[in-house]
file query-v5.pdb (PDB, C-alpha atoms and all ligand atoms)
MODEL        1
ATOM      1  CA  MET Q   1      18.938 171.461  94.013
ATOM      2  CA  ASN Q   2      15.385 170.920  92.733
ATOM      3  CA  ARG Q   3      12.484 169.340  94.567
ATOM      4  CA  THR Q   4      13.005 165.791  93.220
ATOM      5  CA  GLU Q   5      16.687 165.827  94.076
ATOM      6  CA  ALA Q   6      15.844 167.052  97.583
ATOM      7  CA  ALA Q   7      13.338 164.209  98.025
ATOM      8  CA  ASN Q   8      16.025 161.698  96.979
ATOM      9  CA  ALA Q   9      18.750 163.340  99.046
ATOM     10  CA  PRO Q  10      20.381 161.119 101.665
ATOM     11  CA  GLU Q  11      19.522 161.530 105.331
ATOM     12  CA  TYR Q  12      22.239 163.323 107.178
ATOM     13  CA  GLY Q  13      23.235 163.069 110.830
ATOM     14  CA  GLU Q  14      22.346 164.614 114.144
ATOM     15  CA  ILE Q  15      24.676 165.583 116.993
ATOM     16  CA  GLU Q  16      23.568 165.616 120.595
ATOM     17  CA  ILE Q  17      25.582 167.498 123.201
ATOM     18  CA  ARG Q  18      24.558 165.959 126.502
ATOM     19  CA  ASP Q  19      25.419 167.804 129.706
ATOM     20  CA  VAL Q  20      28.930 168.627 128.525
ATOM     21  CA  THR Q  21      31.523 170.416 130.630
ATOM     22  CA  LYS Q  22      34.974 171.256 129.268
ATOM     23  CA  ARG Q  23      37.669 172.450 131.605
ATOM     24  CA  TYR Q  24      41.192 173.408 130.558
ATOM     25  CA  GLY Q  25      44.097 173.132 132.978
ATOM     26  CA  GLU Q  26      44.055 172.261 136.662
ATOM     27  CA  GLU Q  27      40.774 172.104 138.574
ATOM     28  CA  SER Q  28      41.710 175.031 140.863
ATOM     29  CA  ALA Q  29      43.593 177.291 138.417
ATOM     30  CA  GLY Q  30      42.074 176.302 135.048
ATOM     31  CA  THR Q  31      39.345 177.724 132.823
ATOM     32  CA  THR Q  32      35.879 176.248 132.488
ATOM     33  CA  ALA Q  33      35.091 176.928 128.828
ATOM     34  CA  ILE Q  34      31.739 175.074 128.736
ATOM     35  CA  GLU Q  35      29.601 173.999 131.670
ATOM     36  CA  ASN Q  36      26.647 171.583 131.753
ATOM     37  CA  CYS Q  37      25.795 172.385 128.170
ATOM     38  CA  SER Q  38      23.079 170.462 126.316
ATOM     39  CA  PHE Q  39      21.605 170.974 122.860
ATOM     40  CA  VAL Q  40      20.963 169.139 119.605
ATOM     41  CA  VAL Q  41      22.331 169.973 116.173
ATOM     42  CA  GLU Q  42      19.202 168.848 114.366
ATOM     43  CA  ARG Q  43      19.220 166.584 111.352
ATOM     44  CA  GLY Q  44      18.806 168.312 108.010
ATOM     45  CA  LYS Q  45      18.834 171.798 109.550
ATOM     46  CA  PHE Q  46      21.171 174.736 109.167
ATOM     47  CA  SER Q  47      22.049 175.631 112.754
ATOM     48  CA  VAL Q  48      24.066 178.695 113.603
ATOM     49  CA  LEU Q  49      26.066 178.972 116.816
ATOM     50  CA  ILE Q  50      26.535 182.561 117.893
ATOM     51  CA  GLY Q  51      27.864 184.161 121.075
ATOM     52  CA  PRO Q  52      30.366 186.710 122.348
ATOM     53  CA  SER Q  53      34.022 185.850 122.100
ATOM     54  CA  GLY Q  54      35.095 183.479 124.823
ATOM     55  CA  SER Q  55      31.658 181.817 125.031
ATOM     56  CA  GLY Q  56      33.089 178.479 123.908
ATOM     57  CA  LYS Q  57      32.108 178.306 120.224
ATOM     58  CA  THR Q  58      35.469 176.973 119.071
ATOM     59  CA  THR Q  59      35.653 174.668 122.084
ATOM     60  CA  LEU Q  60      32.285 173.175 121.107
ATOM     61  CA  ILE Q  61      33.387 172.697 117.487
ATOM     62  CA  ASN Q  62      36.580 170.970 118.661
ATOM     63  CA  LEU Q  63      34.558 168.706 120.949
ATOM     64  CA  MET Q  64      32.048 167.818 118.234
ATOM     65  CA  ALA Q  65      34.858 167.172 115.763
ATOM     66  CA  GLY Q  66      36.430 164.876 118.355
ATOM     67  CA  TYR Q  67      39.732 166.788 118.487
ATOM     68  CA  GLU Q  68      39.188 167.189 122.200
ATOM     69  CA  MET Q  69      37.239 165.177 124.773
ATOM     70  CA  PRO Q  70      34.717 166.626 127.254
ATOM     71  CA  THR Q  71      35.727 166.763 130.916
ATOM     72  CA  SER Q  72      32.279 165.357 131.669
ATOM     73  CA  GLY Q  73      29.125 164.620 129.712
ATOM     74  CA  GLU Q  74      28.978 163.066 126.258
ATOM     75  CA  ILE Q  75      28.550 163.844 122.586
ATOM     76  CA  LEU Q  76      26.581 161.516 120.347
ATOM     77  CA  VAL Q  77      26.252 161.287 116.574
ATOM     78  CA  ASP Q  78      23.018 159.559 115.645
ATOM     79  CA  GLY Q  79      22.870 158.160 119.159
ATOM     80  CA  LYS Q  80      26.448 156.806 119.148
ATOM     81  CA  LYS Q  81      29.001 158.281 121.522
ATOM     82  CA  ILE Q  82      32.022 159.786 119.770
ATOM     83  CA  ASN Q  83      35.546 158.944 120.889
ATOM     84  CA  GLY Q  84      37.647 160.965 118.466
ATOM     85  CA  PRO Q  85      37.679 162.515 114.995
ATOM     86  CA  GLY Q  86      35.720 160.830 112.206
ATOM     87  CA  TRP Q  87      34.952 161.304 108.521
ATOM     88  CA  ASP Q  88      31.288 161.648 109.493
ATOM     89  CA  ARG Q  89      31.987 165.101 111.054
ATOM     90  CA  LEU Q  90      34.219 167.441 109.108
ATOM     91  CA  VAL Q  91      35.281 170.979 109.882
ATOM     92  CA  VAL Q  92      35.759 173.896 107.503
ATOM     93  CA  PHE Q  93      38.068 176.192 109.473
ATOM     94  CA  GLN Q  94      38.524 179.950 109.895
ATOM     95  CA  GLU Q  95      41.948 179.891 108.346
ATOM     96  CA  THR Q  96      42.646 177.892 105.246
ATOM     97  CA  ALA Q  97      43.720 174.369 106.079
ATOM     98  CA  LEU Q  98      44.483 173.305 102.512
ATOM     99  CA  PHE Q  99      47.770 171.449 102.073
ATOM    100  CA  PRO Q 100      50.035 174.045 100.394
ATOM    101  CA  TRP Q 101      52.078 171.418  98.553
ATOM    102  CA  MET Q 102      49.034 169.869  96.855
ATOM    103  CA  THR Q 103      47.045 171.118  93.868
ATOM    104  CA  THR Q 104      43.367 171.953  94.283
ATOM    105  CA  PHE Q 105      42.453 168.581  92.770
ATOM    106  CA  ASP Q 106      44.788 166.667  95.105
ATOM    107  CA  ASN Q 107      43.497 168.607  98.109
ATOM    108  CA  VAL Q 108      39.892 167.836  97.196
ATOM    109  CA  THR Q 109      40.554 164.130  96.620
ATOM    110  CA  TYR Q 110      42.655 163.764  99.773
ATOM    111  CA  GLY Q 111      39.943 162.276 102.033
ATOM    112  CA  PRO Q 112      38.790 159.443  99.772
ATOM    113  CA  ARG Q 113      42.393 158.707  98.731
ATOM    114  CA  VAL Q 114      43.541 158.094 102.295
ATOM    115  CA  GLN Q 115      40.375 156.171 103.138
ATOM    116  CA  ARG Q 116      40.955 153.809 100.167
ATOM    117  CA  GLN Q 117      37.331 152.765  99.893
ATOM    118  CA  ARG Q 118      36.454 154.104  96.478
ATOM    119  CA  ALA Q 119      37.890 153.432  93.018
ATOM    120  CA  LYS Q 120      40.295 156.035  91.655
ATOM    121  CA  ALA Q 121      38.089 156.825  88.652
ATOM    122  CA  GLU Q 122      35.055 157.354  90.871
ATOM    123  CA  ILE Q 123      36.986 159.718  93.157
ATOM    124  CA  SER Q 124      38.241 161.687  90.171
ATOM    125  CA  GLN Q 125      34.741 161.957  88.690
ATOM    126  CA  GLU Q 126      33.265 163.167  91.989
ATOM    127  CA  ALA Q 127      36.078 165.700  92.465
ATOM    128  CA  THR Q 128      35.485 167.057  88.961
ATOM    129  CA  ARG Q 129      31.765 167.411  89.693
ATOM    130  CA  LEU Q 130      32.434 169.216  92.992
ATOM    131  CA  LEU Q 131      35.054 171.516  91.479
ATOM    132  CA  GLU Q 132      32.462 172.542  88.891
ATOM    133  CA  LEU Q 133      29.888 173.036  91.634
ATOM    134  CA  VAL Q 134      32.179 175.420  93.507
ATOM    135  CA  GLY Q 135      33.358 177.104  90.289
ATOM    136  CA  LEU Q 136      36.964 175.929  90.439
ATOM    137  CA  GLN Q 137      37.126 173.653  87.399
ATOM    138  CA  ASP Q 138      39.755 175.897  85.778
ATOM    139  CA  PHE Q 139      41.864 175.925  88.940
ATOM    140  CA  ARG Q 140      42.185 172.178  89.563
ATOM    141  CA  ASP Q 141      45.929 172.144  88.911
ATOM    142  CA  LYS Q 142      46.736 175.321  90.849
ATOM    143  CA  TYR Q 143      48.277 175.367  94.306
ATOM    144  CA  PRO Q 144      46.521 177.086  97.263
ATOM    145  CA  ILE Q 145      48.872 180.069  97.093
ATOM    146  CA  GLN Q 146      47.664 180.707  93.518
ATOM    147  CA  LEU Q 147      44.020 180.948  94.665
ATOM    148  CA  SER Q 148      42.224 183.979  96.111
ATOM    149  CA  GLY Q 149      40.823 183.815  99.664
ATOM    150  CA  GLY Q 150      37.297 183.103  98.397
ATOM    151  CA  MET Q 151      38.574 180.348  96.092
ATOM    152  CA  GLN Q 152      40.489 178.736  98.940
ATOM    153  CA  ARG Q 153      37.319 178.584 101.047
ATOM    154  CA  ARG Q 154      35.419 177.043  98.134
ATOM    155  CA  ALA Q 155      38.190 174.472  97.635
ATOM    156  CA  GLU Q 156      37.925 173.613 101.326
ATOM    157  CA  LEU Q 157      34.203 173.234 101.033
ATOM    158  CA  ALA Q 158      34.659 170.806  98.113
ATOM    159  CA  ARG Q 159      37.323 168.945 100.103
ATOM    160  CA  ALA Q 160      34.843 168.432 102.946
ATOM    161  CA  LEU Q 161      31.824 167.672 100.719
ATOM    162  CA  ILE Q 162      33.582 164.881  98.795
ATOM    163  CA  ASN Q 163      33.445 162.848 102.016
ATOM    164  CA  ASP Q 164      29.698 163.472 102.273
ATOM    165  CA  PRO Q 165      29.908 164.013 106.055
ATOM    166  CA  LYS Q 166      26.846 163.354 108.207
ATOM    167  CA  VAL Q 167      27.414 166.771 109.773
ATOM    168  CA  LEU Q 168      29.347 169.697 108.349
ATOM    169  CA  LEU Q 169      30.915 171.937 110.993
ATOM    170  CA  MET Q 170      31.933 175.410 109.836
ATOM    171  CA  ASP Q 171      33.991 177.548 112.222
ATOM    172  CA  GLU Q 172      33.684 181.169 111.037
ATOM    173  CA  PRO Q 173      34.666 180.119 107.517
ATOM    174  CA  PHE Q 174      34.290 183.620 106.029
ATOM    175  CA  ARG Q 175      36.251 185.464 108.660
ATOM    176  CA  GLY Q 176      39.034 187.534 107.146
ATOM    177  CA  LEU Q 177      37.470 187.767 103.673
ATOM    178  CA  ASP Q 178      36.822 191.243 102.313
ATOM    179  CA  ALA Q 179      33.205 192.441 102.494
ATOM    180  CA  MET Q 180      32.334 191.818  98.850
ATOM    181  CA  THR Q 181      33.844 188.320  98.722
ATOM    182  CA  ARG Q 182      32.113 187.521 101.980
ATOM    183  CA  GLU Q 183      28.743 188.531 100.573
ATOM    184  CA  LEU Q 184      29.311 186.450  97.444
ATOM    185  CA  MET Q 185      30.323 183.457  99.564
ATOM    186  CA  GLN Q 186      27.211 183.855 101.722
ATOM    187  CA  GLU Q 187      24.957 183.801  98.702
ATOM    188  CA  TYR Q 188      26.915 180.911  97.277
ATOM    189  CA  LEU Q 189      26.651 178.838 100.447
ATOM    190  CA  LEU Q 190      22.907 179.425 100.617
ATOM    191  CA  ARG Q 191      22.366 178.233  97.065
ATOM    192  CA  LEU Q 192      24.511 175.179  97.758
ATOM    193  CA  PHE Q 193      22.694 174.086 100.894
ATOM    194  CA  GLU Q 194      19.131 175.338 100.572
ATOM    195  CA  GLY Q 195      16.893 172.305 100.075
ATOM    196  CA  SER Q 196      19.813 169.878 100.373
ATOM    197  CA  ASN Q 197      18.810 168.285 103.711
ATOM    198  CA  ARG Q 198      22.375 168.675 104.959
ATOM    199  CA  THR Q 199      23.046 169.031 108.658
ATOM    200  CA  VAL Q 200      25.250 172.080 109.080
ATOM    201  CA  LEU Q 201      26.531 173.799 112.205
ATOM    202  CA  PHE Q 202      27.883 177.198 111.289
ATOM    203  CA  VAL Q 203      29.755 179.353 113.816
ATOM    204  CA  THR Q 204      29.764 183.103 113.415
ATOM    205  CA  SER Q 205      29.935 186.260 115.492
ATOM    206  CA  GLU Q 206      28.043 188.237 112.799
ATOM    207  CA  ILE Q 207      24.382 188.587 113.664
ATOM    208  CA  ASP Q 208      23.250 189.400 110.090
ATOM    209  CA  GLU Q 209      25.055 186.398 108.657
ATOM    210  CA  ALA Q 210      23.552 184.240 111.405
ATOM    211  CA  ILE Q 211      19.949 185.252 110.702
ATOM    212  CA  PHE Q 212      20.449 185.135 106.942
ATOM    213  CA  PHE Q 213      21.515 181.449 107.030
ATOM    214  CA  ALA Q 214      19.841 179.881 110.023
ATOM    215  CA  ASP Q 215      16.943 177.539 110.544
ATOM    216  CA  ARG Q 216      17.917 177.623 114.214
ATOM    217  CA  LEU Q 217      20.002 180.183 116.068
ATOM    218  CA  ILE Q 218      21.774 178.703 119.061
ATOM    219  CA  ILE Q 219      22.854 181.588 121.287
ATOM    220  CA  LEU Q 220      25.687 181.018 123.727
ATOM    221  CA  GLY Q 221      26.421 182.971 126.855
ATOM    222  CA  ARG Q 222      29.741 183.006 128.647
ATOM    223  CA  SER Q 223      31.482 182.534 131.971
ATOM    224  CA  PRO Q 224      31.253 179.628 131.542
ATOM    225  CA  GLY Q 225      29.797 178.919 128.104
ATOM    226  CA  ASN Q 226      26.264 177.617 127.913
ATOM    227  CA  VAL Q 227      23.168 177.853 125.693
ATOM    228  CA  LYS Q 228      21.128 180.930 126.588
ATOM    229  CA  SER Q 229      18.438 180.546 123.993
ATOM    230  CA  ILE Q 230      17.501 178.801 120.763
ATOM    231  CA  ILE Q 231      15.594 180.948 118.281
ATOM    232  CA  LEU Q 232      13.730 179.421 115.365
ATOM    233  CA  ASP Q 233      14.499 181.495 112.299
ATOM    234  CA  ASP Q 234      11.332 181.234 110.223
ATOM    235  CA  LEU Q 235      12.240 183.635 107.425
ATOM    236  CA  PRO Q 236      10.933 182.053 104.218
ATOM    237  CA  ARG Q 237      13.211 180.095 101.897
ATOM    238  CA  PRO Q 238      14.784 180.572  99.484
ATOM    239  CA  ARG Q 239      16.416 183.434 101.338
ATOM    240  CA  THR Q 240      17.263 186.638  99.532
ATOM    241  CA  PHE Q 241      19.216 189.722 100.542
ATOM    242  CA  GLU Q 242      15.956 191.713 100.319
ATOM    243  CA  MET Q 243      14.752 189.851 103.413
ATOM    244  CA  LEU Q 244      17.364 191.715 105.430
ATOM    245  CA  THR Q 245      15.016 194.699 105.375
ATOM    246  CA  SER Q 246      11.824 192.789 106.286
ATOM    247  CA  GLN Q 247       9.918 193.308 109.512
ATOM    248  CA  ARG Q 248      10.338 189.685 110.588
ATOM    249  CA  TYR Q 249      14.073 189.991 110.085
ATOM    250  CA  ALA Q 250      14.176 193.068 112.334
ATOM    251  CA  GLN Q 251      12.212 191.203 115.026
ATOM    252  CA  LEU Q 252      14.555 188.213 114.940
ATOM    253  CA  LYS Q 253      17.560 190.484 115.119
ATOM    254  CA  GLU Q 254      16.126 192.394 118.061
ATOM    255  CA  GLU Q 255      15.363 189.171 119.896
ATOM    256  CA  ALA Q 256      18.856 187.751 119.321
ATOM    257  CA  LEU Q 257      20.609 191.025 120.129
ATOM    258  CA  SER Q 258      18.753 191.521 123.380
ATOM    259  CA  ILE Q 259      19.998 188.120 124.596
ATOM    260  CA  LEU Q 260      23.506 188.723 123.264
ATOM    261  CA  TYR Q 261      23.502 192.174 124.790
ATOM    262  CA  LYS Q 262      23.027 190.843 128.307
ATOM    263  CA  GLU Q 263      25.883 188.422 127.732
ATOM    264  CA  ALA Q 264      28.060 191.095 126.202
ATOM    265  CA  VAL Q 265      27.627 193.448 129.126
ATOM    266  CA  SER Q 266      29.133 190.926 131.523
ATOM    267  CA  ALA Q 267      31.920 190.141 129.062
ATOM    268  CA  PHE Q 268      32.421 193.854 128.456
ATOM    269  CA  ALA Q 269      33.276 194.311 132.099
ATOM    270  CA  LYS Q 270      36.061 191.810 131.499
ATOM    271  CA  GLY Q 271      37.357 193.742 128.490
ATOM    272  CA  SER Q 272      36.517 191.469 125.546
ATOM    273  CA  GLN Q 273      36.525 193.044 122.039
ATOM    274  CA  GLY Q 274      33.720 190.742 120.811
ATOM    275  CA  ALA Q 275      31.556 192.178 123.556
ATOM    276  CA  VAL Q 276      32.383 195.744 122.575
ATOM    277  CA  ASP Q 277      31.240 195.044 118.994
ATOM    278  CA  ILE Q 278      27.942 193.569 120.122
ATOM    279  CA  VAL Q 279      27.234 196.388 122.582
ATOM    280  CA  GLU Q 280      27.911 198.992 119.873
ATOM    281  CA  ALA Q 281      25.660 197.211 117.346
ATOM    282  CA  PHE Q 282      22.873 197.004 119.905
ATOM    283  CA  GLU Q 283      23.133 200.601 121.016
ATOM    284  CA  LYS Q 284      23.151 201.800 117.409
ATOM    285  CA  ARG Q 285      19.875 199.949 116.835
ATOM    286  CA  GLN Q 286      18.331 201.234 120.046
ATOM    287  CA  SER Q 287      19.099 204.828 119.118
ATOM    288  CA  LYS Q 288      17.372 204.553 115.687
TER
HETATM  289  P1  LIG V 301      34.966 181.423 121.387
HETATM  290  O1  LIG V 301      35.267 180.526 120.219
HETATM  291  O2  LIG V 301      33.497 181.606 121.638
HETATM  292  O3  LIG V 301      35.683 182.742 121.322
HETATM  293  P2  LIG V 301      36.643 179.601 122.902
HETATM  294  O4  LIG V 301      36.048 178.245 122.768
HETATM  295  O5  LIG V 301      37.821 179.915 122.038
HETATM  296  O6  LIG V 301      35.507 180.712 122.727
HETATM  297  O7  LIG V 301      37.084 179.834 124.425
HETATM  298  C1  LIG V 301      36.227 179.639 125.554
HETATM  299  C2  LIG V 301      37.043 179.824 126.827
HETATM  300  O8  LIG V 301      37.962 178.744 126.989
HETATM  301  C3  LIG V 301      37.869 181.087 126.858
HETATM  302  O9  LIG V 301      37.876 181.581 128.173
HETATM  303  C4  LIG V 301      39.249 180.628 126.446
HETATM  304  O10 LIG V 301      40.246 181.455 126.976
HETATM  305  C5  LIG V 301      39.294 179.222 127.036
HETATM  306  N1  LIG V 301      40.132 178.302 126.233
HETATM  307  C6  LIG V 301      39.896 177.903 124.965
HETATM  308  N2  LIG V 301      40.838 177.029 124.553
HETATM  309  C7  LIG V 301      41.709 176.878 125.585
HETATM  310  C8  LIG V 301      42.906 176.109 125.812
HETATM  311  N3  LIG V 301      43.389 175.305 124.860
HETATM  312  N4  LIG V 301      43.512 176.236 126.998
HETATM  313  C9  LIG V 301      43.016 177.018 127.970
HETATM  314  N5  LIG V 301      41.905 177.774 127.839
HETATM  315  C10 LIG V 301      41.243 177.702 126.670
ENDMDL
END

call {"tool": "encode", "arguments": {"input": "query-v5.pdb", "output": "structure tokens"}}
result
Amino acid sequence: MNRTEAANAPEYGEIEIRDVTKRYGEESAGTTAIENCSFVVERGKFSVLIGPSGSGKTTLINLMAGYEMPTSGEILVDGKKINGPGWDRLVVFQETALFPWMTTFDNVTYGPRVQRQRAKAEISQEATRLLELVGLQDFRDKYPIQLSGGMQRRAELARALINDPKVLLMDEPFRGLDAMTRELMQEYLLRLFEGSNRTVLFVTSEIDEAIFFADRLIILGRSPGNVKSIILDDLPRPRTFEMLTSQRYAQLKEEALSILYKEAVSAFAKGSQGAVDIVEAFEKRQSK
């Protein structure tokens, strides 16, 4: 997107998590996944939510998407309390959620077709544009099973973008992709969103991916889940892979890892694999 397009880009939304607690099960025997958690997913920013496994990342995504309701507290989109799912907040999931019985084109046009607010020709034109944007124009009539993992994620992205959501929620969308496809998808996503003014909340447990994408790093701690720190990621844009070796990058990583490390140690005692990964990454860095 060039500068003029960015200036004309629509204003996207903002989500406020206000003193949210989410408890599963009975009061006495249940789990408190999130407790008294407050933060803002800022308008027009690429926010990354990172934390050890079990810190409530998926719970927060489900709450923001409106699939689940908080036990207490509230979630607002542009100041309006949410009461359930909406087309203004869409999720790109970890596992592919494409309908297997629909072609790529039918999957991508699904949202506007069921909403019945736009003319058929307009929907088709927009889908064609988005399929080109994600490089799937030659795969419009294929079924999900005929697409590679990376293509499926791109089809999902197009399926979300056609609805032009106020906030795009991405729950570890590249998990399970092989390393090379993952790197290509990372670069692709950056090019797609840099300068677009979109509000994105991206969940990952990969620290490098987090710093590479983020304007803001929201770090969660666990037992129960809550925001430990918010780090402003001021690496210049456009981002390039060369920045991964810059001094500022190393500082940001150190800062994030030291917070995650403290969280991981407590989780480690409870035997979580996510914690083991973070501890190992931190210790490797410390020993360099
Ligand atoms: P993350 O995505 O960071 O790994 P989750 O949001 O999946 O964390 O989980 C946070 C905590 O809530 C964990 O202790 C988990 O076991 C618990 N939890 C998540 N979903 C449920 C559920 N549906 N029922 C009971 N406990 C749950």

call {"tool": "atom_distance", "arguments": {"input": "query-v5.pdb", "atom1": "CA of Leu157 in chain Q", "atom2": "CA of Arg237 in chain Q"}}
result
22.1 Å

call {"tool": "axis_aligned_box", "arguments": {"input": "query-v5.pdb", "around": "ligand LIG 301 (chain V)", "padding_each_side": "6 Å", "output": "JSON"}}
result
{"center_x": 38.5, "center_y": 179.0, "center_z": 124.2, "size_x": 22.0, "size_y": 19.4, "size_z": 20.0}

call {"tool": "residues_around", "arguments": {"input": "query-v5.pdb", "residues": "range 79-86 of chain Q", "least_positions_apart": "6", "cutoff": "9 Å", "atoms": "only C-alpha atoms", "output": "NGL selection string"}}
result
:Q and (14-16 or 63-69)

call {"tool": "closest_residue", "arguments": {"input": "query-v5.pdb", "among": "Q:Arg239, Q:Arg116, Q:Lys22, Q:Lys166", "to": "ligand LIG 301 (chain V)", "atoms": "all atoms listed in the file"}}
result
Q:Lys22

call {"tool": "atom_distance", "arguments": {"input": "query-v5.pdb", "atom1": "CA of Leu133 in chain Q", "atom2": "CA of Gly44 in chain Q"}}
result
20.3 Å

call {"tool": "closest_residue", "arguments": {"input": "query-v5.pdb", "among": "Q:Leu130, Q:Arg140, Q:Pro100, Q:Gly149", "to": "Leu192 in chain Q", "atoms": "all atoms listed in the file"}}
result
Q:Leu130

call {"tool": "resolve_selection", "arguments": {"input": "query-v5.pdb", "expression": "the PyMOL selection byres (((not hetatm)) within 9 of (chain V and resi 301))", "output": "VMD selection string"}}
result
chain Q and resid 22 to 25 30 to 34 50 to 62 171 203 205 220 to 225 274

call {"tool": "closest_residue", "arguments": {"input": "query-v5.pdb", "among": "Q:Ile145, Q:Met102, Q:Ile259, Q:Ala155", "to": "Thr128 in chain Q", "atoms": "all atoms listed in the file"}}
result
Q:Ala155

call {"tool": "resolve_selection", "arguments": {"input": "query-v5.pdb", "expression": "the PyMOL selection byres (((chain Q and resi 164) around 10) and not hetatm)", "output": "JSON, numbers by chain"}}
result
{"Q": [10, 12, 87, 88, 89, 90, 158, 159, 160, 161, 162, 163, 165, 166, 167, 168, 198]}

call {"tool": "residues_near_point", "arguments": {"input": "query-v5.pdb", "point": "(35.0, 182.8, 108.1)", "cutoff": "9 Å", "atoms": "all atoms listed in the file", "output": "PyMOL selection string"}}
result
chain Q and resi 92-95+153+170-177+182+203-204

call {"tool": "residues_around", "arguments": {"input": "query-v5.pdb", "residues": "Val40 in chain Q", "least_positions_apart": "4", "cutoff": "10 Å", "atoms": "only C-alpha atoms", "output": "ChimeraX atom specification"}}
result
/Q:14-18,47,75-77,218

call {"tool": "residues_around", "arguments": {"input": "query-v5.pdb", "residues": "Thr104 in chain Q", "least_positions_apart": "6", "cutoff": "10 Å", "atoms": "all atoms listed in the file", "output": "JSON, numbers by chain"}}
result
{"Q": [98, 110, 127, 131, 136, 137, 139, 140, 141, 142, 143, 144, 146, 147, 151, 152, 155, 156, 158, 159]}

call {"tool": "decode", "arguments": {"input": "query-v5.pdb", "residues": "range 33-46 of chain Q", "atoms": "N, CA, C and O atoms", "output": "short mmCIF file (atom, residue, chain, number, x, y, z; two decimals), in the first residue's frame"}}
result
data_model
loop_
_atom_site.label_atom_id
_atom_site.label_comp_id
_atom_site.auth_asym_id
_atom_site.auth_seq_id
_atom_site.Cartn_x
_atom_site.Cartn_y
_atom_site.Cartn_z
N ALA Q 33 -8.78 -18.59 34.31
CA ALA Q 33 -7.87 -18.45 33.17
C ALA Q 33 -7.31 -17.04 33.10
O ALA Q 33 -6.13 -16.85 32.80
N ILE Q 34 -8.17 -16.04 33.37
CA ILE Q 34 -7.80 -14.63 33.29
C ILE Q 34 -8.33 -13.94 34.53
O ILE Q 34 -9.47 -14.20 34.92
N GLU Q 35 -7.55 -13.08 35.14
CA GLU Q 35 -8.05 -12.39 36.33
C GLU Q 35 -7.74 -10.90 36.30
O GLU Q 35 -6.59 -10.49 36.12
N ASN Q 36 -8.79 -10.10 36.46
CA ASN Q 36 -8.68 -8.63 36.52
C ASN Q 36 -7.73 -8.08 35.46
O ASN Q 36 -6.81 -7.32 35.76
N CYS Q 37 -7.99 -8.46 34.25
CA CYS Q 37 -7.09 -8.12 33.14
C CYS Q 37 -7.63 -6.89 32.40
O CYS Q 37 -8.82 -6.84 32.06
N SER Q 38 -6.77 -5.92 32.17
CA SER Q 38 -7.16 -4.71 31.43
C SER Q 38 -6.06 -4.34 30.43
O SER Q 38 -4.90 -4.30 30.80
N PHE Q 39 -6.45 -4.10 29.21
CA PHE Q 39 -5.54 -3.52 28.22
C PHE Q 39 -6.34 -3.09 27.00
O PHE Q 39 -7.54 -3.39 26.90
N VAL Q 40 -5.68 -2.36 26.11
CA VAL Q 40 -6.37 -1.88 24.91
C VAL Q 40 -5.65 -2.42 23.67
O VAL Q 40 -4.43 -2.38 23.60
N VAL Q 41 -6.42 -2.93 22.74
CA VAL Q 41 -5.87 -3.30 21.43
C VAL Q 41 -6.03 -2.04 20.60
O VAL Q 41 -7.13 -1.72 20.14
N GLU Q 42 -4.95 -1.30 20.44
CA GLU Q 42 -5.06 0.05 19.89
C GLU Q 42 -5.40 0.09 18.40
O GLU Q 42 -4.94 -0.73 17.62
N ARG Q 43 -6.18 1.10 18.07
CA ARG Q 43 -6.62 1.33 16.70
C ARG Q 43 -5.42 1.50 15.75
O ARG Q 43 -4.49 2.25 16.05
N GLY Q 44 -5.49 0.80 14.64
CA GLY Q 44 -4.48 0.99 13.59
C GLY Q 44 -3.11 0.42 13.92
O GLY Q 44 -2.16 0.66 13.19
N LYS Q 45 -3.01 -0.33 15.01
CA LYS Q 45 -1.71 -0.87 15.42
C LYS Q 45 -1.68 -2.39 15.25
O LYS Q 45 -2.71 -3.05 15.31
N PHE Q 46 -0.48 -2.90 15.08
CA PHE Q 46 -0.29 -4.35 15.05
C PHE Q 46 0.17 -4.76 16.45
O PHE Q 46 1.31 -4.51 16.84
#
